[in-house]
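Everything below belongs to work18.txt, which stores compact mmCIF, C-alpha atoms and all ligand atoms.
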```txt
# COMPACT_ATOMS: atom_id res chain seq x y z
CA MET B 1 67.15 -8.75 -6.37
CA ASN B 2 67.99 -7.44 -9.82
CA VAL B 3 66.01 -4.83 -11.75
CA SER B 4 63.67 -7.17 -13.61
CA GLU B 5 62.95 -9.29 -10.53
CA SER B 6 62.12 -6.14 -8.58
CA ILE B 7 59.74 -4.92 -11.29
CA ILE B 8 57.95 -8.25 -11.43
CA ASN B 9 57.80 -8.46 -7.66
CA ILE B 10 56.38 -4.94 -7.19
CA LYS B 11 53.81 -5.43 -9.96
CA LYS B 12 52.63 -8.63 -8.30
CA GLY B 13 52.00 -6.72 -5.10
CA ILE B 14 49.99 -3.80 -6.49
CA PRO B 15 46.43 -3.80 -7.87
CA GLU B 16 46.10 -3.83 -11.65
CA ASN B 17 44.54 -0.38 -11.77
CA VAL B 18 47.54 1.22 -10.04
CA LYS B 19 50.19 2.45 -12.47
CA LEU B 20 53.85 1.93 -11.69
CA VAL B 21 56.23 4.76 -12.57
CA ALA B 22 59.79 3.43 -12.45
CA VAL B 23 61.91 6.35 -11.25
CA SER B 24 65.15 6.04 -13.19
CA LYS B 25 66.76 9.38 -12.24
CA THR B 26 70.59 9.17 -12.03
CA LYS B 27 70.49 5.58 -13.37
CA PRO B 28 72.13 4.47 -16.65
CA ASN B 29 70.21 3.57 -19.81
CA SER B 30 71.25 -0.07 -19.39
CA MET B 31 69.14 -0.28 -16.24
CA VAL B 32 66.18 1.42 -17.91
CA LEU B 33 66.43 -1.17 -20.68
CA GLU B 34 66.51 -3.98 -18.15
CA ALA B 35 63.25 -2.69 -16.66
CA TYR B 36 61.81 -2.17 -20.14
CA ASN B 37 62.61 -5.75 -21.05
CA ALA B 38 60.74 -6.87 -17.94
CA GLY B 39 57.67 -5.13 -19.36
CA GLN B 40 57.94 -1.72 -17.70
CA ARG B 41 56.81 1.20 -19.91
CA ILE B 42 56.37 4.24 -17.64
CA PHE B 43 59.54 5.89 -16.32
CA GLY B 44 60.08 8.99 -14.20
CA GLU B 45 62.89 11.54 -14.30
CA ASN B 46 63.41 14.82 -12.46
CA LYS B 47 66.04 16.67 -14.52
CA ALA B 48 64.93 18.04 -17.88
CA GLN B 49 68.29 17.87 -19.59
CA ASP B 50 69.06 14.35 -18.34
CA LEU B 51 65.68 13.26 -19.64
CA ALA B 52 66.15 15.00 -23.00
CA SER B 53 69.44 13.18 -23.52
CA LYS B 54 68.14 9.77 -22.39
CA GLN B 55 64.96 9.78 -24.43
CA PRO B 56 66.40 9.48 -27.98
CA GLU B 57 68.59 6.55 -26.95
CA LEU B 58 65.82 4.42 -25.49
CA PRO B 59 62.76 2.66 -26.93
CA GLN B 60 60.29 5.18 -28.33
CA ASP B 61 57.23 3.62 -26.73
CA ILE B 62 58.45 4.53 -23.24
CA GLN B 63 56.08 6.96 -21.53
CA TRP B 64 58.24 9.51 -19.74
CA HIS B 65 56.87 11.25 -16.68
CA PHE B 66 58.59 14.36 -15.41
CA ILE B 67 58.36 14.15 -11.63
CA GLY B 68 60.48 17.00 -10.27
CA HIS B 69 60.32 20.76 -9.95
CA LEU B 70 60.49 22.09 -13.51
CA GLN B 71 61.99 25.46 -14.39
CA THR B 72 60.24 27.45 -17.13
CA ASN B 73 63.37 27.69 -19.27
CA LYS B 74 63.68 23.88 -19.34
CA VAL B 75 60.18 22.97 -20.54
CA LYS B 76 61.21 23.22 -24.17
CA TYR B 77 63.66 20.31 -23.82
CA ILE B 78 60.98 17.81 -22.88
CA ALA B 79 57.77 19.18 -24.44
CA PRO B 80 58.23 17.32 -27.77
CA PHE B 81 57.94 13.88 -26.16
CA VAL B 82 57.06 13.94 -22.44
CA SER B 83 53.96 11.93 -21.59
CA MET B 84 53.06 13.54 -18.27
CA ILE B 85 54.38 16.42 -16.18
CA GLU B 86 53.56 15.37 -12.62
CA ALA B 87 54.70 18.30 -10.62
CA VAL B 88 52.99 21.47 -11.84
CA ASP B 89 53.43 23.96 -9.02
CA SER B 90 52.52 27.34 -10.52
CA LEU B 91 50.37 29.04 -13.16
CA LYS B 92 53.61 30.30 -14.70
CA ILE B 93 54.92 26.79 -15.39
CA LEU B 94 51.53 25.64 -16.69
CA LYS B 95 51.50 28.54 -19.17
CA GLU B 96 54.95 27.61 -20.42
CA ILE B 97 53.99 23.93 -20.76
CA ASN B 98 50.95 24.97 -22.78
CA LYS B 99 53.08 27.22 -24.99
CA GLN B 100 55.73 24.58 -25.67
CA ALA B 101 53.09 21.87 -26.20
CA LEU B 102 51.42 24.08 -28.80
CA LYS B 103 54.78 24.52 -30.56
CA ALA B 104 55.22 20.74 -30.58
CA ASP B 105 51.61 20.27 -31.72
CA ARG B 106 50.84 18.11 -28.69
CA ILE B 107 48.60 17.95 -25.66
CA ILE B 108 50.56 17.29 -22.48
CA SER B 109 48.96 15.67 -19.43
CA CYS B 110 49.73 17.42 -16.16
CA LEU B 111 49.20 16.84 -12.45
CA PHE B 112 49.07 19.57 -9.83
CA GLN B 113 51.60 18.95 -7.10
CA PHE B 114 50.14 19.59 -3.67
CA HIS B 115 52.09 20.35 -0.56
CA ILE B 116 50.79 17.68 1.81
CA ALA B 117 53.88 17.07 3.97
CA GLU B 118 54.42 18.76 7.29
CA GLU B 119 58.02 19.31 6.20
CA ASP B 120 58.36 22.72 4.62
CA THR B 121 61.12 21.72 2.24
CA LYS B 122 58.98 20.38 -0.56
CA PHE B 123 57.43 22.14 -3.54
CA GLY B 124 53.73 22.20 -4.06
CA LEU B 125 50.50 24.15 -4.09
CA ASN B 126 47.57 24.38 -1.70
CA VAL B 127 43.90 24.07 -2.61
CA SER B 128 43.16 27.77 -2.82
CA GLU B 129 46.12 28.34 -5.13
CA VAL B 130 44.93 25.59 -7.45
CA LYS B 131 41.37 26.95 -7.43
CA GLU B 132 42.76 30.33 -8.36
CA ILE B 133 44.59 28.76 -11.32
CA LEU B 134 41.54 26.78 -12.45
CA GLU B 135 39.35 29.88 -12.30
CA SER B 136 41.77 32.15 -14.14
CA ASP B 137 41.11 33.41 -17.66
CA GLU B 138 44.56 32.25 -18.65
CA TYR B 139 43.82 28.67 -17.67
CA GLY B 140 40.53 28.82 -19.58
CA LYS B 141 42.43 29.60 -22.78
CA MET B 142 44.97 26.79 -22.55
CA LYS B 143 44.30 24.21 -25.25
CA ASN B 144 47.48 22.14 -25.15
CA ILE B 145 47.48 20.90 -21.58
CA LYS B 146 45.18 18.41 -19.92
CA ILE B 147 44.89 18.26 -16.13
CA ALA B 148 44.92 14.56 -15.28
CA GLY B 149 44.91 14.71 -11.47
CA VAL B 150 47.03 15.42 -8.44
CA MET B 151 50.43 14.44 -7.04
CA GLY B 152 52.01 14.69 -3.62
CA MET B 153 54.82 13.49 -1.39
CA ALA B 154 54.37 12.55 2.24
CA THR B 155 56.78 13.54 4.99
CA TYR B 156 59.87 11.34 5.21
CA THR B 157 59.11 9.74 8.58
CA GLU B 158 58.62 6.41 10.33
CA ASP B 159 55.26 7.62 11.64
CA GLU B 160 52.75 5.64 9.56
CA ASP B 161 49.75 7.51 10.95
CA GLN B 162 51.20 10.77 9.80
CA ILE B 163 51.94 9.39 6.32
CA ARG B 164 48.38 8.06 6.09
CA ARG B 165 46.95 11.41 7.17
CA GLU B 166 48.91 13.20 4.47
CA PHE B 167 47.90 10.73 1.74
CA ARG B 168 44.29 10.92 2.89
CA ALA B 169 44.45 14.70 2.65
CA LEU B 170 45.58 14.40 -0.97
CA ARG B 171 42.76 12.01 -1.80
CA ASN B 172 40.26 14.43 -0.27
CA ILE B 173 41.71 17.27 -2.33
CA PHE B 174 41.36 15.11 -5.44
CA ARG B 175 37.70 14.43 -4.63
CA GLU B 176 36.92 18.06 -3.99
CA LEU B 177 38.51 19.19 -7.26
CA LYS B 178 36.82 16.36 -9.15
CA ILE B 179 33.38 17.38 -7.90
CA THR B 180 33.91 21.12 -8.31
CA TYR B 181 35.81 21.37 -11.59
CA PHE B 182 36.19 18.02 -13.32
CA SER B 183 32.96 16.09 -12.87
CA GLU B 184 32.55 16.03 -16.66
CA SER B 185 36.16 15.13 -17.47
CA PRO B 186 37.17 11.48 -17.34
CA ASP B 187 40.82 12.54 -17.86
CA PHE B 188 40.98 13.86 -14.31
CA LYS B 189 41.56 10.53 -12.59
CA GLU B 190 45.06 10.18 -11.18
CA ILE B 191 46.26 10.42 -7.60
CA SER B 192 50.04 10.05 -7.82
CA MET B 193 51.33 9.21 -4.36
CA GLY B 194 53.65 6.61 -2.87
CA MET B 195 57.39 5.99 -3.22
CA SER B 196 59.69 3.08 -2.30
CA GLY B 197 59.17 3.48 1.43
CA ASP B 198 55.46 4.24 1.58
CA TYR B 199 53.75 2.97 -1.59
CA LYS B 200 51.77 0.27 0.19
CA LEU B 201 50.23 2.83 2.53
CA ALA B 202 49.58 5.10 -0.45
CA ILE B 203 47.68 2.37 -2.28
CA GLU B 204 45.59 1.68 0.80
CA GLU B 205 44.74 5.38 0.87
CA GLY B 206 43.64 5.48 -2.78
CA SER B 207 46.74 6.02 -4.90
CA THR B 208 46.34 5.33 -8.64
CA MET B 209 50.01 5.87 -9.49
CA VAL B 210 53.11 5.01 -7.46
CA ARG B 211 56.58 6.40 -8.22
CA ILE B 212 59.23 3.89 -7.23
CA GLY B 213 62.98 4.34 -7.67
CA SER B 214 65.37 2.83 -5.16
CA LEU B 215 63.34 -0.32 -4.61
CA ILE B 216 63.78 -1.13 -8.33
CA PHE B 217 67.16 0.33 -9.21
CA GLY B 218 68.94 0.38 -5.84
CA GLU B 219 70.06 3.37 -3.82
CA ARG B 220 71.08 6.46 -5.75
CA ASN B 221 74.58 7.91 -5.44
CA TYR B 222 74.46 11.66 -5.67
CA LEU B 223 77.70 13.40 -6.53
C1 LIG B 301 63.09 10.26 -6.45
C2 LIG B 301 61.62 10.40 -6.43
C3 LIG B 301 60.80 9.28 -6.25
C4 LIG B 301 61.31 7.87 -6.01
O1 LIG B 301 61.90 7.79 -4.77
P1 LIG B 301 62.32 6.35 -4.13
O2 LIG B 301 62.28 6.60 -2.68
O3 LIG B 301 63.67 6.06 -4.65
O4 LIG B 301 61.31 5.38 -4.58
C5 LIG B 301 59.42 9.47 -6.30
N1 LIG B 301 58.89 10.70 -6.50
C6 LIG B 301 59.65 11.80 -6.67
C7 LIG B 301 58.99 13.11 -6.90
C8 LIG B 301 61.03 11.69 -6.63
O5 LIG B 301 61.79 12.79 -6.80
```
Rendering of file as structure tokens:
Amino acid sequence: MNVSESIINIKKGIPENVKLVAVSKTKPNSMVLEAYNAGQRIFGENKAQDLASKQPELPQDIQWHFIGHLQTNKVKYIAPFVSMIEAVDSLKILKEINKQALKADRIISCLFQFHIAEEDTKFGLNVSEVKEILESDEYGKMKNIKIAGVMGMATYTEDEDQIRREFRALRNIFRELKITYFSESPDFKEISMGMSGDYKLAIEEGSTMVRIGSLIFGERNYL
């Protein structure tokens, strides 16, 4: 299947209220354009400089999501245009996003990345760390970020029960935060979970946003 067929096929299989983020990392602009021409508008990248160089060359109505671990010194490259930063994993990075968003006169949507996998290799916060951020004076003063929900990655495993458990844990975290801190804010609504191998399970467990790369663009070749 080519890029546009894959996009159409995936969209057919997911509910209308679930957003598709096409993960274009390492892929050329020509493939992004192919997906764009098939109607895709949200794309995900995980390297700030790659994203900053792609963005000016592609249609300006693309909504770019940053989906990887972001270093503080790289926020400035993407702050002028990025639509959502999905993987906020510290107060420090949130402060820098707020600072650079202010400079760019924008409000940037952010998700907290939670560590839900049993693997210990992945970035992410736990609930008490996020509560600490949300209750800090510094967070209270931030005017140029908007917390739009949560994001997580399940363990890379064949064990479907384990994947489900991890996704369910993220949905429960979302609910708890919604009730405790965001009951008055309609912006807090996204649960970003599910990738090429597990997005169907993720949707069954309440995902509102799936991030799919290889199923659309083919396997990635890392140098
Ligand atoms: C690469 C990546 C994806 C997409 O992975 P595929 O398995 O190719 O769909 C999704 N989320 C994050 C955070 C990624 O880094």
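Of the residues under consideration (B:Leu125, B:Ala101, B:Met193, B:Ile212), B:Ile212 shows the shortest atom-to-atom contact distance to Glu45 (chain B) when counting all atoms listed in the file.
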> Counting all atoms listed in the file, what residues are within 6 Å of ligand LIG 301 (chain B), given as a ChimeraX atom specification?
Replying inline: /B:23,67-68,195-196,211-214
> Do you have the CA of Gln113 (chain B)-CA of Glu34 (chain B) distance handy?
Replying inline: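 Going from CA of Gln113 (chain B) over to CA of Glu34 (chain B), I get 29.5 Å.
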Against region 142-164 of chain B, which residues of region 168-207 of chain B fall within 6 Å? For each one I want the closest pair of atoms and the distance in Å (one decimal), counting only C-alpha atoms, rows by chain and increasing residue number, as JSON lines.
```
{"residue": "B:Arg168", "atom": "CA", "partner": "B:Arg164", "partner_atom": "CA", "distance": 5.9}
{"residue": "B:Asp187", "atom": "CA", "partner": "B:Ala148", "partner_atom": "CA", "distance": 5.2}
{"residue": "B:Phe188", "atom": "CA", "partner": "B:Ala148", "partner_atom": "CA", "distance": 4.1}
{"residue": "B:Lys189", "atom": "CA", "partner": "B:Gly149", "partner_atom": "CA", "distance": 5.5}
{"residue": "B:Glu190", "atom": "CA", "partner": "B:Gly149", "partner_atom": "CA", "distance": 4.5}
{"residue": "B:Ile191", "atom": "CA", "partner": "B:Val150", "partner_atom": "CA", "distance": 5.1}
{"residue": "B:Ser192", "atom": "CA", "partner": "B:Met151", "partner_atom": "CA", "distance": 4.5}
{"residue": "B:Met193", "atom": "CA", "partner": "B:Gly152", "partner_atom": "CA", "distance": 5.6}
```
>> At a cut-off of 9 Å, using only C-alpha atoms, what residues contact Leu51 (chain B)? Leave out same-chain residues fewer than 5 positions from it and give the result as a VMD selection string.
In response: chain B and resid 25 44 to 46 64 66 77 to 78
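Put simply, CA of Asn98 (chain B) is 10.1 Å away from CA of Cys110 (chain B).
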>> Counting all atoms listed in the file, which residues sit no farther than 10 Å from the position (57.4, 16.0, -24.6) in the file's frame? I'd like them as a PyMOL selection string.
In response: chain B and resi 52+55+63-66+75-85+97+100-101+104+106-109
> Which one is closest to Arg175 (chain B): B:Val127, B:Val210, B:Leu20, B:Ile93? Count all atoms listed in the file.
Replying inline: B:Val127
>> As an exercise, work out the distance from CA of Tyr139 (chain B) to CA of Phe167 (chain B) in Å and give it to one decimal place.
In response: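 According to the coordinates, CA of Tyr139 (chain B) and CA of Phe167 (chain B) are separated by 26.7 Å.
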> Counting all atoms listed in the file, which of B:Val3, B:Leu170, B:Glu57, B:Phe43 gets nearest to Met31 (chain B)?
Replying inline: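 Under the stated criterion, the closest residue is B:Val3.
For the residues B:Ala35, B:Met1, B:Ala117, B:Val130, ranking by smallest atom-to-atom distance to Ile173 (chain B) using only C-alpha atoms places B:Val130 first.
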>> Given the point (48.4, -1.9, -8.8) in the coordinates of this file, which residues lie within 10 Å, counting all atoms listed in the file, and how would they look as number ranges by chain?
In response: B: 10-20, 200, 203, 207-210
Could those residues be written to a file, using C-alpha atoms, as a PDB file, keeping the file's coordinate frame?
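What ended up in part.pdb:
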```pdb
ATOM      1  CA  ILE B  10      56.380  -4.940  -7.190  1.00  0.00           C
ATOM      2  CA  LYS B  11      53.810  -5.430  -9.960  1.00  0.00           C
ATOM      3  CA  LYS B  12      52.630  -8.630  -8.300  1.00  0.00           C
ATOM      4  CA  GLY B  13      52.000  -6.720  -5.100  1.00  0.00           C
ATOM      5  CA  ILE B  14      49.990  -3.800  -6.490  1.00  0.00           C
ATOM      6  CA  PRO B  15      46.430  -3.800  -7.870  1.00  0.00           C
ATOM      7  CA  GLU B  16      46.100  -3.830 -11.650  1.00  0.00           C
ATOM      8  CA  ASN B  17      44.540  -0.380 -11.770  1.00  0.00           C
ATOM      9  CA  VAL B  18      47.540   1.220 -10.040  1.00  0.00           C
ATOM     10  CA  LYS B  19      50.190   2.450 -12.470  1.00  0.00           C
ATOM     11  CA  LEU B  20      53.850   1.930 -11.690  1.00  0.00           C
ATOM     12  CA  LYS B 200      51.770   0.270   0.190  1.00  0.00           C
ATOM     13  CA  ILE B 203      47.680   2.370  -2.280  1.00  0.00           C
ATOM     14  CA  SER B 207      46.740   6.020  -4.900  1.00  0.00           C
ATOM     15  CA  THR B 208      46.340   5.330  -8.640  1.00  0.00           C
ATOM     16  CA  MET B 209      50.010   5.870  -9.490  1.00  0.00           C
ATOM     17  CA  VAL B 210      53.110   5.010  -7.460  1.00  0.00           C
TER      18      VAL B 210
END
```
